[in-house]
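Have a look at structure15.tsv; it's TSV, C-alpha atoms:
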```tsv
chain	number	residue	atom	x	y	z
A	24	MET	CA	112.19	98.56	95.49
A	25	LYS	CA	114.89	98.71	98.12
A	26	VAL	CA	115.13	96.52	101.23
A	27	LEU	CA	116.42	98.34	104.31
A	28	GLU	CA	117.62	95.62	106.69
A	29	LYS	CA	117.59	96.35	110.44
A	30	TYR	CA	115.99	99.73	109.71
A	31	LEU	CA	114.95	101.81	112.70
A	32	PRO	CA	113.35	105.23	112.05
A	33	PRO	CA	115.23	108.03	113.86
A	34	LEU	CA	113.72	109.16	117.16
A	35	ILE	CA	111.95	112.53	117.07
A	36	ASN	CA	112.74	114.60	120.16
A	37	THR	CA	109.80	116.35	121.80
A	38	GLY	CA	111.20	119.73	120.85
A	39	ASP	CA	111.31	118.73	117.19
A	40	GLN	CA	107.72	117.51	117.01
A	41	SER	CA	106.49	120.50	115.01
A	42	ASP	CA	104.49	118.67	112.33
A	43	LEU	CA	100.83	118.21	113.24
A	44	ILE	CA	99.33	114.75	112.65
A	45	SER	CA	95.55	114.53	112.44
A	46	VAL	CA	94.21	111.15	113.54
A	47	ILE	CA	90.64	110.38	112.49
A	48	VAL	CA	88.67	107.91	114.63
A	49	ALA	CA	85.27	106.72	113.39
A	50	ALA	CA	83.19	105.34	116.26
A	51	TYR	CA	79.80	103.64	116.35
A	52	ASN	CA	78.42	101.63	119.28
A	53	ILE	CA	81.80	100.50	120.61
A	54	ALA	CA	81.52	101.64	124.22
A	55	ASP	CA	83.46	98.60	125.40
A	56	TYR	CA	86.49	99.48	123.25
A	57	ILE	CA	86.56	103.23	122.54
A	58	GLU	CA	88.47	104.33	125.65
A	59	ARG	CA	91.30	101.90	124.97
A	60	GLY	CA	91.46	103.01	121.34
A	61	ILE	CA	91.52	106.76	121.97
A	62	ASN	CA	93.89	106.46	124.92
A	63	SER	CA	96.36	104.51	122.79
A	64	ILE	CA	96.48	107.57	120.52
A	65	ARG	CA	96.69	110.03	123.41
A	66	ASN	CA	99.66	108.10	124.83
A	67	GLN	CA	101.76	108.31	121.70
A	68	THR	CA	105.42	109.23	122.04
A	69	TYR	CA	104.71	111.74	119.26
A	70	HIS	CA	102.65	114.39	121.07
A	71	ASN	CA	101.74	116.93	118.37
A	72	LEU	CA	98.45	115.32	117.44
A	73	GLU	CA	94.89	116.36	116.93
A	74	ILE	CA	92.55	113.45	117.56
A	75	ILE	CA	89.24	113.85	115.77
A	76	VAL	CA	86.66	111.35	117.00
A	77	VAL	CA	83.52	111.15	114.87
A	78	ASP	CA	80.65	109.62	116.83
A	79	ASP	CA	78.52	108.24	114.03
A	80	GLY	CA	75.16	108.35	115.80
A	81	SER	CA	75.97	105.80	118.50
A	82	THR	CA	73.01	104.56	120.55
A	83	ASP	CA	75.13	103.25	123.43
A	84	ASP	CA	77.55	105.18	125.68
A	85	THR	CA	80.20	105.69	123.00
A	86	GLY	CA	79.47	109.38	122.54
A	87	ILE	CA	79.37	110.06	126.29
A	88	LEU	CA	82.74	108.36	126.79
A	89	CYS	CA	84.26	110.34	123.91
A	90	ASP	CA	83.06	113.63	125.40
A	91	ARG	CA	84.54	112.72	128.79
A	92	ILE	CA	87.92	111.93	127.22
A	93	ALA	CA	87.83	115.20	125.27
A	94	SER	CA	87.30	117.10	128.52
A	95	GLU	CA	90.57	115.58	129.79
A	96	ASP	CA	92.71	116.25	126.70
A	97	SER	CA	92.52	119.39	124.56
A	98	ARG	CA	93.92	117.48	121.59
A	99	VAL	CA	90.72	115.41	121.37
A	100	GLN	CA	87.79	116.81	119.41
A	101	VAL	CA	84.45	114.99	119.20
A	102	ILE	CA	81.99	115.38	116.35
A	103	HIS	CA	78.52	113.95	116.91
A	104	LYS	CA	76.49	113.21	113.79
A	105	GLU	CA	73.61	111.10	112.60
A	106	ASN	CA	74.53	107.56	111.63
A	107	SER	CA	75.61	107.24	108.01
A	108	GLY	CA	78.46	104.74	108.10
A	109	PRO	CA	82.23	104.84	108.56
A	110	ALA	CA	82.93	106.31	105.11
A	111	GLU	CA	81.15	109.59	105.75
A	112	ALA	CA	82.41	109.66	109.35
A	113	ARG	CA	85.98	109.54	108.06
A	114	ASN	CA	85.25	112.17	105.42
A	115	VAL	CA	83.83	114.48	108.08
A	116	GLY	CA	86.97	113.96	110.15
A	117	VAL	CA	89.30	114.70	107.25
A	118	ALA	CA	87.35	117.88	106.43
A	119	ARG	CA	87.93	119.08	109.99
A	120	ALA	CA	91.61	118.06	110.10
A	121	LYS	CA	94.33	120.71	110.13
A	122	GLY	CA	97.36	118.43	110.14
A	123	SER	CA	100.01	118.12	107.46
A	124	TYR	CA	99.73	114.35	107.89
A	125	ILE	CA	96.59	112.23	108.17
A	126	GLY	CA	96.10	108.90	109.93
A	127	PHE	CA	93.10	106.73	110.73
A	128	VAL	CA	92.36	104.44	113.66
A	129	ASP	CA	89.24	102.30	114.04
A	130	GLY	CA	87.78	102.98	117.45
A	131	ASP	CA	87.65	99.34	118.50
A	132	ASP	CA	91.34	98.76	117.74
A	133	TRP	CA	94.43	100.23	119.42
A	134	ILE	CA	97.94	101.26	118.39
A	135	ASP	CA	101.42	100.86	119.84
A	136	PRO	CA	102.77	103.89	121.79
A	137	ASP	CA	105.39	104.76	119.15
A	138	MET	CA	103.39	104.02	116.01
A	139	TYR	CA	103.06	107.58	114.73
A	140	GLU	CA	106.58	108.59	115.76
A	141	LYS	CA	107.97	105.66	113.78
A	142	MET	CA	105.77	106.25	110.76
A	143	LEU	CA	106.30	110.00	110.54
A	144	SER	CA	110.04	109.63	111.14
A	145	ALA	CA	110.34	106.96	108.42
A	146	LEU	CA	108.19	108.96	106.01
A	147	LYS	CA	110.34	112.08	106.41
A	148	ASP	CA	113.65	110.19	106.62
A	149	GLN	CA	112.95	108.43	103.33
A	150	HIS	CA	111.14	111.37	101.66
A	151	ALA	CA	108.01	109.27	101.15
A	152	ASP	CA	104.37	110.22	100.60
A	153	ILE	CA	102.83	107.32	102.53
A	154	ALA	CA	104.18	105.28	105.43
A	155	ILE	CA	102.69	101.81	105.90
A	156	CYS	CA	103.15	99.43	108.82
A	157	ARG	CA	102.43	95.79	109.42
A	158	TYR	CA	99.69	94.98	111.94
A	159	ARG	CA	98.86	92.32	114.51
A	160	ARG	CA	95.76	90.21	114.06
A	161	VAL	CA	94.12	89.96	117.46
A	162	TYR	CA	91.79	87.00	117.94
A	163	LYS	CA	89.87	86.08	121.08
A	164	ASP	CA	92.33	83.32	121.98
A	165	HIS	CA	95.60	84.36	120.32
A	166	THR	CA	97.48	87.10	118.46
A	167	GLU	CA	99.37	86.77	115.18
A	168	ASP	CA	102.41	88.97	114.59
A	169	GLN	CA	104.63	88.40	111.55
A	170	SER	CA	106.92	91.36	112.09
A	171	VAL	CA	110.34	91.41	110.44
A	172	ASP	CA	113.16	93.74	111.43
A	173	ARG	CA	113.38	95.69	108.20
A	174	ALA	CA	111.71	98.28	105.98
A	175	ILE	CA	110.91	98.32	102.26
A	176	LEU	CA	111.19	101.45	100.13
A	177	PHE	CA	108.78	101.37	97.18
A	178	GLU	CA	109.39	103.72	94.26
A	179	GLY	CA	106.76	104.96	91.79
A	180	GLN	CA	103.86	102.52	91.52
A	181	GLU	CA	105.64	99.57	93.15
A	182	ALA	CA	103.54	99.76	96.32
A	183	LEU	CA	100.39	99.85	94.20
A	184	GLN	CA	101.62	96.82	92.28
A	185	TYR	CA	102.31	94.71	95.38
A	186	TYR	CA	98.98	95.82	96.85
A	187	VAL	CA	97.08	94.72	93.74
A	188	GLN	CA	99.05	91.46	93.64
A	189	GLU	CA	98.01	90.84	97.27
A	190	THR	CA	101.61	89.92	98.03
A	191	LYS	CA	101.50	88.27	101.46
A	192	GLU	CA	105.06	89.29	102.25
A	193	TYR	CA	103.92	92.93	102.46
A	194	ASP	CA	100.84	93.62	104.59
A	195	ILE	CA	99.72	96.69	102.61
A	196	GLN	CA	96.02	95.74	102.43
A	197	ASN	CA	92.94	97.88	101.72
A	198	ALA	CA	92.97	99.27	105.26
A	199	ALA	CA	93.26	103.02	105.80
A	200	TRP	CA	94.41	102.56	109.39
A	201	ASN	CA	97.89	101.04	108.91
A	202	LYS	CA	99.06	104.06	106.92
A	203	LEU	CA	100.14	107.65	107.46
A	204	TYR	CA	99.54	109.98	104.52
A	205	ARG	CA	100.99	113.30	103.48
A	206	ARG	CA	97.90	115.47	103.32
A	207	GLU	CA	98.53	116.37	99.67
A	208	ILE	CA	98.20	112.72	98.65
A	209	LEU	CA	94.54	112.72	99.72
A	210	THR	CA	93.58	115.74	97.62
A	211	ASN	CA	90.39	114.87	95.69
A	212	ILE	CA	90.20	111.45	97.39
A	213	ALA	CA	87.27	110.61	99.64
A	214	PHE	CA	85.62	107.52	101.04
A	215	PRO	CA	82.44	106.50	99.14
A	216	VAL	CA	79.57	107.67	101.33
A	217	GLY	CA	77.02	105.08	102.41
A	218	LYS	CA	79.16	102.14	101.29
A	219	TRP	CA	80.74	99.29	103.17
A	220	TYR	CA	84.19	98.08	102.04
A	221	GLU	CA	84.98	101.77	101.61
A	222	ASP	CA	88.74	101.18	101.89
A	223	ILE	CA	89.02	99.35	98.56
A	224	MET	CA	88.97	102.38	96.28
A	225	PHE	CA	90.45	104.75	98.86
A	226	ALA	CA	93.60	102.63	99.15
A	227	THR	CA	93.86	102.16	95.39
A	228	MET	CA	93.65	105.88	94.65
A	229	ALA	CA	95.98	106.91	97.48
A	230	LEU	CA	98.68	104.43	96.48
A	231	SER	CA	98.37	105.47	92.84
A	232	HIS	CA	99.09	109.10	93.80
A	233	ALA	CA	102.20	108.31	95.84
A	234	GLN	CA	105.63	108.63	94.25
A	235	ARG	CA	107.37	106.82	97.10
A	236	CYS	CA	106.12	104.67	99.99
A	237	ILE	CA	107.99	103.37	103.00
A	238	TYR	CA	106.78	100.06	104.43
A	239	LEU	CA	107.75	99.27	108.00
A	240	ASP	CA	107.77	95.50	108.25
A	241	MET	CA	106.97	95.71	111.96
A	242	ALA	CA	103.55	95.59	113.59
A	243	CYS	CA	102.44	98.86	115.18
A	244	TYR	CA	98.65	98.48	114.88
A	245	ASN	CA	96.45	95.99	116.75
A	246	TYR	CA	93.46	94.90	114.69
A	247	ILE	CA	90.63	92.96	116.31
A	248	ILE	CA	89.62	90.16	113.94
A	249	ASP	CA	86.59	88.55	115.53
A	250	ARG	CA	84.64	91.21	117.39
A	251	GLU	CA	80.92	90.44	117.33
A	252	GLY	CA	79.03	92.92	115.15
A	253	SER	CA	82.10	93.88	113.12
A	254	ILE	CA	81.54	94.38	109.39
A	255	MET	CA	84.44	92.02	108.74
A	256	ASN	CA	82.59	89.21	110.53
A	257	THR	CA	79.45	89.33	108.41
A	258	GLN	CA	81.07	87.31	105.59
A	259	VAL	CA	78.88	87.21	102.48
A	260	ASN	CA	75.85	89.45	102.95
A	261	PRO	CA	73.63	91.76	100.88
A	262	ARG	CA	76.36	94.43	100.96
A	263	THR	CA	78.67	92.01	99.18
A	264	PHE	CA	76.50	92.52	96.11
A	265	THR	CA	75.64	96.20	96.51
A	266	ASP	CA	79.02	97.51	97.75
A	267	GLN	CA	81.93	95.06	97.69
A	268	ILE	CA	81.61	93.52	94.23
A	269	PRO	CA	80.87	96.92	92.59
A	270	ALA	CA	83.99	98.31	94.33
A	271	TYR	CA	86.07	95.56	92.70
A	272	TYR	CA	84.66	96.47	89.29
A	273	GLU	CA	85.46	100.12	89.98
A	274	LYS	CA	88.99	99.22	90.99
A	275	THR	CA	89.56	97.35	87.72
A	276	GLU	CA	88.27	100.30	85.71
A	277	PHE	CA	90.41	102.76	87.67
A	278	LEU	CA	93.58	100.74	87.04
A	279	ARG	CA	92.71	100.44	83.36
A	280	LYS	CA	92.10	104.17	82.97
A	281	MET	CA	95.41	105.02	84.62
A	282	GLY	CA	97.14	102.95	81.92
A	283	ARG	CA	97.85	99.86	84.03
A	284	GLN	CA	96.01	97.15	82.13
A	285	ASP	CA	98.54	94.70	83.57
A	286	LEU	CA	97.43	95.53	87.11
A	287	ALA	CA	93.77	95.52	86.06
A	288	ASP	CA	94.21	91.94	84.81
A	289	ILE	CA	95.97	90.90	88.02
A	290	HIS	CA	93.23	92.45	90.12
A	291	ASP	CA	90.58	90.66	88.06
A	292	TYR	CA	92.37	87.36	88.64
A	293	PHE	CA	92.14	87.79	92.41
A	294	PHE	CA	88.57	89.08	92.10
A	295	TYR	CA	87.47	85.99	90.19
A	296	LYS	CA	89.17	83.75	92.75
A	297	ARG	CA	87.28	85.65	95.44
A	298	LEU	CA	83.93	85.07	93.67
A	299	LEU	CA	84.47	81.32	93.82
A	300	LEU	CA	85.47	81.64	97.48
A	301	PHE	CA	82.26	83.57	98.16
A	302	TYR	CA	80.26	80.80	96.50
A	303	SER	CA	81.90	78.13	98.67
A	304	ARG	CA	81.34	80.18	101.83
A	305	VAL	CA	77.66	80.73	101.08
A	306	GLU	CA	77.14	77.01	100.56
A	307	LYS	CA	78.20	76.48	104.18
A	308	MET	CA	76.03	79.27	105.56
A	309	ASP	CA	72.74	78.55	107.29
A	310	ILE	CA	70.79	81.68	106.33
A	311	PRO	CA	67.40	82.32	104.67
A	312	ASP	CA	69.05	84.01	101.66
A	313	ARG	CA	71.46	81.15	100.99
A	314	ASP	CA	69.92	79.95	97.71
A	315	LYS	CA	69.34	83.49	96.49
A	316	PHE	CA	72.97	84.41	97.18
A	317	LEU	CA	74.22	81.28	95.39
A	318	LYS	CA	72.11	82.09	92.36
A	319	ARG	CA	73.34	85.69	92.24
A	320	LEU	CA	76.97	84.65	92.58
A	321	ALA	CA	76.63	82.01	89.88
A	322	GLN	CA	75.17	84.62	87.55
A	323	ILE	CA	77.97	87.10	88.27
A	324	ILE	CA	80.55	84.39	87.61
A	325	ARG	CA	78.91	83.51	84.30
A	326	ASP	CA	78.61	87.18	83.31
A	327	ASN	CA	82.39	87.63	83.57
A	328	ARG	CA	83.37	84.58	81.51
A	329	GLU	CA	84.58	86.59	78.51
A	330	HIS	CA	87.33	88.12	80.68
A	331	TYR	CA	88.68	84.91	82.19
A	332	ALA	CA	91.20	83.98	79.51
A	333	ARG	CA	92.95	87.31	79.93
A	334	ALA	CA	92.85	87.45	83.73
A	335	TYR	CA	94.03	83.87	84.19
A	336	SER	CA	96.94	84.55	81.82
A	337	CYS	CA	98.42	87.26	84.05
A	338	PRO	CA	101.94	86.61	85.43
A	339	VAL	CA	100.85	85.74	88.99
A	340	ALA	CA	98.00	83.41	88.01
A	341	ASP	CA	97.97	79.76	89.06
A	342	SER	CA	96.75	77.49	86.27
A	343	ARG	CA	94.90	75.37	88.83
A	344	ASP	CA	92.59	78.31	89.54
A	345	TYR	CA	91.56	78.51	85.89
A	346	LYS	CA	90.76	74.80	85.94
A	347	LYS	CA	88.50	75.36	88.94
A	348	MET	CA	86.74	78.22	87.20
A	349	LYS	CA	86.19	76.13	84.07
A	350	LEU	CA	84.79	73.32	86.22
A	351	PHE	CA	82.38	75.74	87.87
A	352	LEU	CA	81.17	77.03	84.51
A	353	LYS	CA	80.46	73.46	83.44
A	354	SER	CA	78.79	72.47	86.70
A	355	PRO	CA	78.61	74.39	90.00
A	356	ALA	CA	77.65	71.12	91.72
A	357	ARG	CA	80.78	69.33	90.48
A	358	TYR	CA	82.88	72.31	91.50
A	359	SER	CA	81.41	72.21	95.00
A	360	ARG	CA	82.12	68.49	95.33
A	361	ARG	CA	85.72	69.13	94.26
A	362	ILE	CA	86.16	71.85	96.88
A	363	ARG	CA	84.67	69.71	99.65
A	364	TRP	CA	86.99	66.84	98.70
A	365	GLU	CA	90.01	69.15	98.86
A	366	GLU	CA	88.96	70.57	102.23
A	367	GLN	CA	88.06	67.23	103.81
A	368	VAL	CA	90.72	64.95	102.29
A	369	VAL	CA	93.53	66.67	100.40
A	370	ILE	CA	94.35	69.54	102.78
A	371	PRO	CA	94.24	67.42	105.99
A	372	LEU	CA	96.47	64.83	104.30
A	373	LYS	CA	99.01	67.49	103.32
A	374	VAL	CA	99.04	68.84	106.87
A	375	LYS	CA	99.59	65.33	108.23
A	376	VAL	CA	102.45	64.62	105.82
A	377	LYS	CA	104.15	67.91	106.69
A	378	GLY	CA	103.89	67.04	110.36
A	379	ILE	CA	105.54	63.66	109.77
A	380	LEU	CA	108.36	65.20	107.71
A	381	ARG	CA	109.12	67.72	110.46
A	382	ARG	CA	109.70	65.01	113.05
```
For this file, write the structure as structure tokens.
Amino acid sequence: MKVLEKYLPPLINTGDQSDLISVIVAAYNIADYIERGINSIRNQTYHNLEIIVVDDGSTDDTGILCDRIASEDSRVQVIHKENSGPAEARNVGVARAKGSYIGFVDGDDWIDPDMYEKMLSALKDQHADIAICRYRRVYKDHTEDQSVDRAILFEGQEALQYYVQETKEYDIQNAAWNKLYRREILTNIAFPVGKWYEDIMFATMALSHAQRCIYLDMACYNYIIDREGSIMNTQVNPRTFTDQIPAYYEKTEFLRKMGRQDLADIHDYFFYKRLLLFYSRVEKMDIPDRDKFLKRLAQIIRDNREHYARAYSCPVADSRDYKKMKLFLKSPARYSRRIRWEEQVVIPLKVKVKGILRR
């Protein structure tokens, strides 16, 4: 890993923009957002783009708006298909793409005007296979931007390692949309059709194929956090059990088969932490399936108990997390009381003390 302080990717003059970038936009019932999203791609400082919008069976005006935009810009292609989810929509877009580089944008988000110029320039300047950028988290009442004026060059499987470790310093994430890929990297990689949380395995496989990644520690993508109807806002739901948890198991097995048992253990550690988090979230939910979800989560947690000693011994593990897991295995009720006490007493007290010390 190499830190490039004050790194700015070289500008790409219009006459030198010979490499075609294919940008795939999956769109479903986002009529209020789609024009902003597509126009942010059309207005890029890097002009040699093909913008493939896949209307995934929208029942609102999304498809109509996409067609109108396509009539105004020859770079925009619209594919209308029956609804089958974002995974297949993205796969359809990639199959149509002719570019040497592939990017993804969610239709309800938008990107900065120079995002693809920066990412392609950095990718070529540093001879990388994938360029990754930080992103802004856009809430209804505020925006979070943790940009730093630098870049990080990851060699070999370093990017994969920091991704699996969920290192907060580097916003790599599961997301397909904060990355630009050399087309060759995506050979034999596809999104799992019909599944939610489709980015989990896609990101893992793509990063595992890359020999070098350049991470721009500057936000170029604007990600809406709390849009109503967004998959990310459904929290724990039936798809958590049918799609998300199975994807985590698949990720562990993939890392193990590629000879990275160390990363498989680290991933399991974060997965087991997430299971307890799911349990705590469901307890607070007022839904008809609450008790059923709690029972299913408790069973999954118990079913994995033979793997805990190994996962909680990985280098990044916090011993306090293992104590919480052991408490849950003894008594889910006692575990829940412990979590409520931490949330209602311990954490507020820590925040108050920090505030006093800063004065």
Practice item. Could you check how far atom CA of Gly60 of chain A sits from atom CA of Val48 of chain A, in Å to one decimal? Key: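 Distance reported for this atom pair: 8.8 Å.
Taking all atoms listed in the file into account, Arg160 of chain A lies nearest to A:Cys243 out of the set A:Asp172, A:Ile223, A:Cys243, A:Gly179.
Distances here use all atoms listed in the file; by that measure, the residue among A:Ala321, A:Ile237, A:Ala54, A:Ile248 closest to Val305 of chain A is A:Ala321.
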Exercise for review: Record the distance separating atom CA of Glu28 of chain A and atom CA of Ile64 of chain A, expressed in Å with one decimal.
Suggested key: 27.9 Å
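Proximity ranking of A:Ile247, A:Gln169, A:Ala151, A:Asp164 relative to Glu207 of chain A places A:Ala151 first, based on all atoms listed in the file.
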**Study point:** Spatial neighbours of segment 137-140 of chain A, 6 Å, all atoms listed in the file, chain gap at least 6 places, as a list in words
**Key:**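 In the requested form, the answer reads Gln67, Thr68, Tyr69 and Cys243 of chain A.
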Exercise for review: Quick one: pull the distance between atom CA of Ala270 of chain A and atom CA of Phe225 of chain A, Å, one decimal.
Suggested key: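 We find that atom CA of Ala270 of chain A and atom CA of Phe225 of chain A lie 10.2 Å from each other.
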Expected file for segment 219-229 of chain A keeping all heavy atoms, as an mmCIF file, in the first residue's frame:
```cif
data_model
loop_
_atom_site.group_PDB
_atom_site.id
_atom_site.type_symbol
_atom_site.label_atom_id
_atom_site.label_comp_id
_atom_site.auth_asym_id
_atom_site.auth_seq_id
_atom_site.Cartn_x
_atom_site.Cartn_y
_atom_site.Cartn_z
ATOM 1 N N TRP A 219 -31.518 -9.577 -3.733
ATOM 2 C CA TRP A 219 -31.143 -8.294 -3.156
ATOM 3 C C TRP A 219 -29.719 -8.436 -2.617
ATOM 4 O O TRP A 219 -29.152 -9.528 -2.597
ATOM 5 C CB TRP A 219 -32.071 -7.912 -2.020
ATOM 6 C CG TRP A 219 -33.439 -7.461 -2.435
ATOM 7 C CD1 TRP A 219 -33.987 -7.517 -3.686
ATOM 8 C CD2 TRP A 219 -34.438 -6.891 -1.582
ATOM 9 N NE1 TRP A 219 -35.267 -7.019 -3.667
ATOM 10 C CE2 TRP A 219 -35.572 -6.622 -2.384
ATOM 11 C CE3 TRP A 219 -34.483 -6.585 -0.227
ATOM 12 C CZ2 TRP A 219 -36.732 -6.072 -1.876
ATOM 13 C CZ3 TRP A 219 -35.650 -6.025 0.285
ATOM 14 C CH2 TRP A 219 -36.760 -5.769 -0.529
ATOM 15 N N TYR A 220 -29.125 -7.324 -2.184
ATOM 16 C CA TYR A 220 -27.761 -7.330 -1.641
ATOM 17 C C TYR A 220 -26.804 -7.959 -2.653
ATOM 18 O O TYR A 220 -25.862 -8.671 -2.311
ATOM 19 C CB TYR A 220 -27.719 -8.082 -0.309
ATOM 20 C CG TYR A 220 -28.801 -7.633 0.643
ATOM 21 C CD1 TYR A 220 -29.964 -8.386 0.823
ATOM 22 C CD2 TYR A 220 -28.692 -6.438 1.336
ATOM 23 C CE1 TYR A 220 -30.978 -7.958 1.666
ATOM 24 C CE2 TYR A 220 -29.699 -6.001 2.184
ATOM 25 C CZ TYR A 220 -30.841 -6.767 2.337
ATOM 26 O OH TYR A 220 -31.842 -6.337 3.170
ATOM 27 N N GLU A 221 -27.078 -7.664 -3.943
ATOM 28 C CA GLU A 221 -26.344 -8.294 -5.032
ATOM 29 C C GLU A 221 -24.900 -7.836 -5.118
ATOM 30 O O GLU A 221 -24.066 -8.480 -5.754
ATOM 31 C CB GLU A 221 -27.057 -8.017 -6.362
ATOM 32 C CG GLU A 221 -27.004 -6.583 -6.861
ATOM 33 C CD GLU A 221 -28.008 -5.642 -6.194
ATOM 34 O OE1 GLU A 221 -28.813 -6.115 -5.355
ATOM 35 O OE2 GLU A 221 -27.973 -4.441 -6.496
ATOM 36 N N ASP A 222 -24.575 -6.708 -4.454
ATOM 37 C CA ASP A 222 -23.216 -6.162 -4.536
ATOM 38 C C ASP A 222 -22.205 -6.947 -3.711
ATOM 39 O O ASP A 222 -20.996 -6.829 -3.940
ATOM 40 C CB ASP A 222 -23.194 -4.705 -4.058
ATOM 41 C CG ASP A 222 -23.921 -3.765 -5.012
ATOM 42 O OD1 ASP A 222 -24.121 -4.158 -6.173
ATOM 43 O OD2 ASP A 222 -24.286 -2.666 -4.602
ATOM 44 N N ILE A 223 -22.673 -7.714 -2.733
ATOM 45 C CA ILE A 223 -21.760 -8.360 -1.789
ATOM 46 C C ILE A 223 -20.763 -9.265 -2.509
ATOM 47 O O ILE A 223 -19.546 -9.123 -2.362
ATOM 48 C CB ILE A 223 -22.541 -9.144 -0.712
ATOM 49 C CG1 ILE A 223 -23.328 -8.180 0.177
ATOM 50 C CG2 ILE A 223 -21.585 -9.994 0.140
ATOM 51 C CD1 ILE A 223 -24.254 -8.870 1.168
ATOM 52 N N MET A 224 -21.270 -10.197 -3.307
ATOM 53 C CA MET A 224 -20.368 -11.118 -3.996
ATOM 54 C C MET A 224 -19.716 -10.463 -5.208
ATOM 55 O O MET A 224 -18.571 -10.768 -5.542
ATOM 56 C CB MET A 224 -21.117 -12.380 -4.421
ATOM 57 C CG MET A 224 -21.298 -13.378 -3.291
ATOM 58 S SD MET A 224 -19.727 -13.799 -2.468
ATOM 59 C CE MET A 224 -18.759 -14.452 -3.828
ATOM 60 N N PHE A 225 -20.432 -9.545 -5.866
ATOM 61 C CA PHE A 225 -19.853 -8.871 -7.027
ATOM 62 C C PHE A 225 -18.592 -8.121 -6.628
ATOM 63 O O PHE A 225 -17.542 -8.234 -7.287
ATOM 64 C CB PHE A 225 -20.873 -7.909 -7.630
ATOM 65 C CG PHE A 225 -20.416 -7.264 -8.908
ATOM 66 C CD1 PHE A 225 -20.638 -7.874 -10.130
ATOM 67 C CD2 PHE A 225 -19.779 -6.031 -8.886
ATOM 68 C CE1 PHE A 225 -20.222 -7.269 -11.308
ATOM 69 C CE2 PHE A 225 -19.354 -5.423 -10.057
ATOM 70 C CZ PHE A 225 -19.572 -6.046 -11.279
ATOM 71 N N ALA A 226 -18.660 -7.364 -5.541
ATOM 72 C CA ALA A 226 -17.501 -6.603 -5.078
ATOM 73 C C ALA A 226 -16.366 -7.528 -4.669
ATOM 74 O O ALA A 226 -15.196 -7.279 -4.978
ATOM 75 C CB ALA A 226 -17.896 -5.702 -3.909
ATOM 76 N N THR A 227 -16.705 -8.602 -3.966
ATOM 77 C CA THR A 227 -15.677 -9.543 -3.497
ATOM 78 C C THR A 227 -14.923 -10.148 -4.668
ATOM 79 O O THR A 227 -13.686 -10.200 -4.674
ATOM 80 C CB THR A 227 -16.320 -10.652 -2.649
ATOM 81 O OG1 THR A 227 -17.064 -10.068 -1.572
ATOM 82 C CG2 THR A 227 -15.260 -11.584 -2.079
ATOM 83 N N MET A 228 -15.648 -10.602 -5.679
ATOM 84 C CA MET A 228 -14.999 -11.239 -6.822
ATOM 85 C C MET A 228 -14.193 -10.232 -7.640
ATOM 86 O O MET A 228 -13.068 -10.524 -8.068
ATOM 87 C CB MET A 228 -16.053 -11.929 -7.694
ATOM 88 C CG MET A 228 -16.665 -13.156 -7.034
ATOM 89 S SD MET A 228 -17.750 -14.120 -8.131
ATOM 90 C CE MET A 228 -19.158 -13.006 -8.243
ATOM 91 N N ALA A 229 -14.754 -9.039 -7.854
ATOM 92 C CA ALA A 229 -14.038 -8.040 -8.645
ATOM 93 C C ALA A 229 -12.724 -7.639 -7.977
ATOM 94 O O ALA A 229 -11.670 -7.581 -8.622
ATOM 95 C CB ALA A 229 -14.920 -6.812 -8.866
#
```
